[in-house]
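Below is one structure; the comments refer to it alone.
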Amino acid sequence: MLAGAAALTSAPAFAAAEPGKPRVWSFTRPDRVGGLATEVLGEPRVTPGPGGRALLFDGQDDGLVIPEHPLAGARAFTIEAVFRPDGGRFEQRWLHLAQDAADAADAEGAGSVSGGTRMLFEIRVAEDAWWLDAFVKGPGYSQVLIDPTKRHPVGRWAHVAQVCDGRRYAAYVDGVLQAEAEIAFRPQGPGRTSVGVRLNRVDWFNGAIRECRFTPAALSPGQFTRPSGLVG
């Protein structure tokens with residue numbers, strides 16, 4: 001069984017869907033992303049990336065807060081990103097989409113506030129390797145996708161994705177499946193996004209981020225978008 005996820009013994013195909021128009025965030029300057037003004041934490045620096053400029057985060061106090069949850073209302077989703085982990089601390093959160101409003105009901109449907117509705121990417125780092133941690137949580141669902149046996153070298157650009165069609169939830173690195181599970185996904189509400197750090201400003205990311213792409217549909221690996229010049 002995959003670590004941190006309920007393995008699917010017979011993985012179903014993603015439900016057929018016409019991909020919606022994606023929101024694309026290119027990280028070419030720290031003060032503005034996706035047409036939105038950002039809150040800049042520390043001093044993220046511009047650095048060369050595959051197919052264009054990227055932002056470099058120092059793992060200490062560099063981050064961004066963006067006033068949008070780009071997948072609010074989506075019944076299915078794909079999050080793609082191109083990034084380069086550069087080592088450092090064991091646990092690093094580098095993308096955190098959070099619903100601001102209180103949940104209408106908790107996981108038991110009791111009408112209380114559960115809070116913490118979010119989607120995110122983290123990495124775990126050991127020596128010169130990293131592995132992916134994808135997570136989604138909301139009313140009635142909470143699922144981590146992580147497999148520490150699937151490690152990747154630090155210092156190289158990689159394409160990562162997490163995909164959900166409403167039932168099947170899966171994570172990929174360079175188009176290769178890392179982990180998957182079944183969930184009962186429900187759309188999330190409007191909110192905010194932090195980049196390079198958790199919203200509560202811990203678990204800072206050491207590395208560079210070139211692009212994030214948010215599609216309100218479940219894409220197959222063959223439909224992923226990888227910038228030109230990406231190696232790895």
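Convention: chains lettered A, B, ... in structure tokens order; per-chain residue numbering from 1; ligands numbered from 1 as shown.
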Would you pick out the contacts of range 147-159 of chain A at 6 Å or less, using only C-alpha atoms, so that residues sharing its chain but fewer than 3 positions from it are not included, and give the list as a JSON list (two decimals) with N, CA, C and O atoms, in the first residue's frame?
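Written out: selection_24.json:
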[["chain", "number", "residue", "atom", "x", "y", "z"],
["A", 3, "ALA", "N", 2.39, 4.74, 0.94],
["A", 3, "ALA", "CA", 2.47, 5.44, 2.22],
["A", 3, "ALA", "C", 1.58, 6.67, 2.19],
["A", 3, "ALA", "O", 1.64, 7.47, 1.26],
["A", 81, "ALA", "N", 2.65, 22.48, -11.43],
["A", 81, "ALA", "CA", 3.68, 23.46, -11.06],
["A", 81, "ALA", "C", 5.02, 23.01, -11.59],
["A", 81, "ALA", "O", 5.29, 21.82, -11.72],
["A", 82, "VAL", "N", 5.86, 23.99, -11.88],
["A", 82, "VAL", "CA", 7.25, 23.74, -12.26],
["A", 82, "VAL", "C", 8.11, 24.42, -11.21],
["A", 82, "VAL", "O", 8.01, 25.64, -11.00],
["A", 83, "PHE", "N", 8.93, 23.64, -10.53],
["A", 83, "PHE", "CA", 9.72, 24.18, -9.43],
["A", 83, "PHE", "C", 11.05, 23.44, -9.32],
["A", 83, "PHE", "O", 11.26, 22.42, -9.95],
["A", 84, "ARG", "N", 11.94, 24.01, -8.49],
["A", 84, "ARG", "CA", 13.25, 23.40, -8.28],
["A", 84, "ARG", "C", 13.57, 23.42, -6.79],
["A", 84, "ARG", "O", 13.94, 24.45, -6.23],
["A", 85, "PRO", "N", 13.44, 22.30, -6.11],
["A", 85, "PRO", "CA", 13.85, 22.24, -4.71],
["A", 85, "PRO", "C", 15.37, 22.26, -4.60],
["A", 85, "PRO", "O", 16.06, 21.56, -5.34],
["A", 86, "ASP", "N", 15.88, 23.03, -3.66],
["A", 86, "ASP", "CA", 17.32, 23.17, -3.51],
["A", 86, "ASP", "C", 17.83, 22.60, -2.18],
["A", 86, "ASP", "O", 18.91, 22.98, -1.72],
["A", 87, "GLY", "N", 17.07, 21.69, -1.59],
["A", 87, "GLY", "CA", 17.50, 21.09, -0.33],
["A", 87, "GLY", "C", 17.09, 21.92, 0.86],
["A", 87, "GLY", "O", 16.27, 22.82, 0.78],
["A", 128, "ASP", "N", 20.39, 14.72, -0.35],
["A", 128, "ASP", "CA", 20.34, 15.32, -1.68],
["A", 128, "ASP", "C", 19.10, 14.90, -2.46],
["A", 128, "ASP", "O", 19.09, 14.93, -3.69],
["A", 129, "ALA", "N", 18.02, 14.52, -1.77],
["A", 129, "ALA", "CA", 16.81, 14.05, -2.45],
["A", 129, "ALA", "C", 15.56, 14.65, -1.79],
["A", 129, "ALA", "O", 15.57, 15.03, -0.63],
["A", 130, "TRP", "N", 14.49, 14.71, -2.57],
["A", 130, "TRP", "CA", 13.20, 15.16, -2.07],
["A", 130, "TRP", "C", 12.12, 14.23, -2.57],
["A", 130, "TRP", "O", 12.29, 13.52, -3.56],
["A", 131, "TRP", "N", 10.98, 14.21, -1.86],
["A", 131, "TRP", "CA", 9.79, 13.50, -2.35],
["A", 131, "TRP", "C", 8.58, 14.37, -2.11],
["A", 131, "TRP", "O", 8.57, 15.27, -1.26],
["A", 173, "VAL", "N", 4.97, 13.31, -10.49],
["A", 173, "VAL", "CA", 6.20, 14.05, -10.71],
["A", 173, "VAL", "C", 6.70, 13.72, -12.11],
["A", 173, "VAL", "O", 6.87, 12.53, -12.44],
["A", 174, "ASP", "N", 6.88, 14.73, -12.94],
["A", 174, "ASP", "CA", 7.28, 14.55, -14.33],
["A", 174, "ASP", "C", 6.41, 13.52, -15.05],
["A", 174, "ASP", "O", 6.90, 12.68, -15.82]]
query: Leaving out Thr193 in chain A and any residue of its chain fewer than 5 positions from it, which residues lie within 7 Å of it when counting only C-alpha atoms, given as an MDAnalysis selection string?
result: chainID A and resid 65:69 96:98
message: Which residue is closest to Arg186 in chain A? Choose from A:Asp133, A:Glu127, A:Asp165, A:Asp203 and count only C-alpha atoms.
response: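 Looking only at the distances to Arg186 in chain A, the closest residue turns out to be A:Asp165.
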query: Where in range 51-219 of chain A does DSSP assign strand (DSSP E), given as number ranges by chain?
result: A: 52-58, 63-66, 77-85, 91-99, 118-126, 129-138, 141-146, 152-153, 158-164, 168-173, 176-182, 191-195, 206-215
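Interatomic distance, CA of Arg32 in chain A against CA of Gly52 in chain A: 15.7 Å.
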task: Give me the residues within 10 Å of Asp61 in chain A as a PyMOL selection string, counting only C-alpha atoms and dropping any in the same chain fewer than 5 places off.
output: chain A and resi 41-44+196-197+201-206
message: What's the separation between CA of Leu132 in chain A and CA of Arg23 in chain A, in Å to one decimal place?
response: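 Interatomic distance, CA of Leu132 in chain A to CA of Arg23 in chain A: 22.4 Å.
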field: Residue nearest Ala170 in chain A - candidates A:Phe77, A:Phe214, A:Phe90, A:Tyr141, atoms counted: only C-alpha atoms
entry: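 Using only C-alpha atoms, the shortest distance to Ala170 in chain A belongs to A:Phe77.
By only C-alpha atoms, and with residues fewer than 2 positions from Gly73 in chain A along its chain excluded, the set lying at most 12 Å from it is His69, Pro70, Leu71, Arg75, Ala76, Phe77, Gln99, Phe185, Arg186, Pro187, Gln188, Gly189, Pro190, Gly191, Thr215, Pro216 and Ala217 of chain A.
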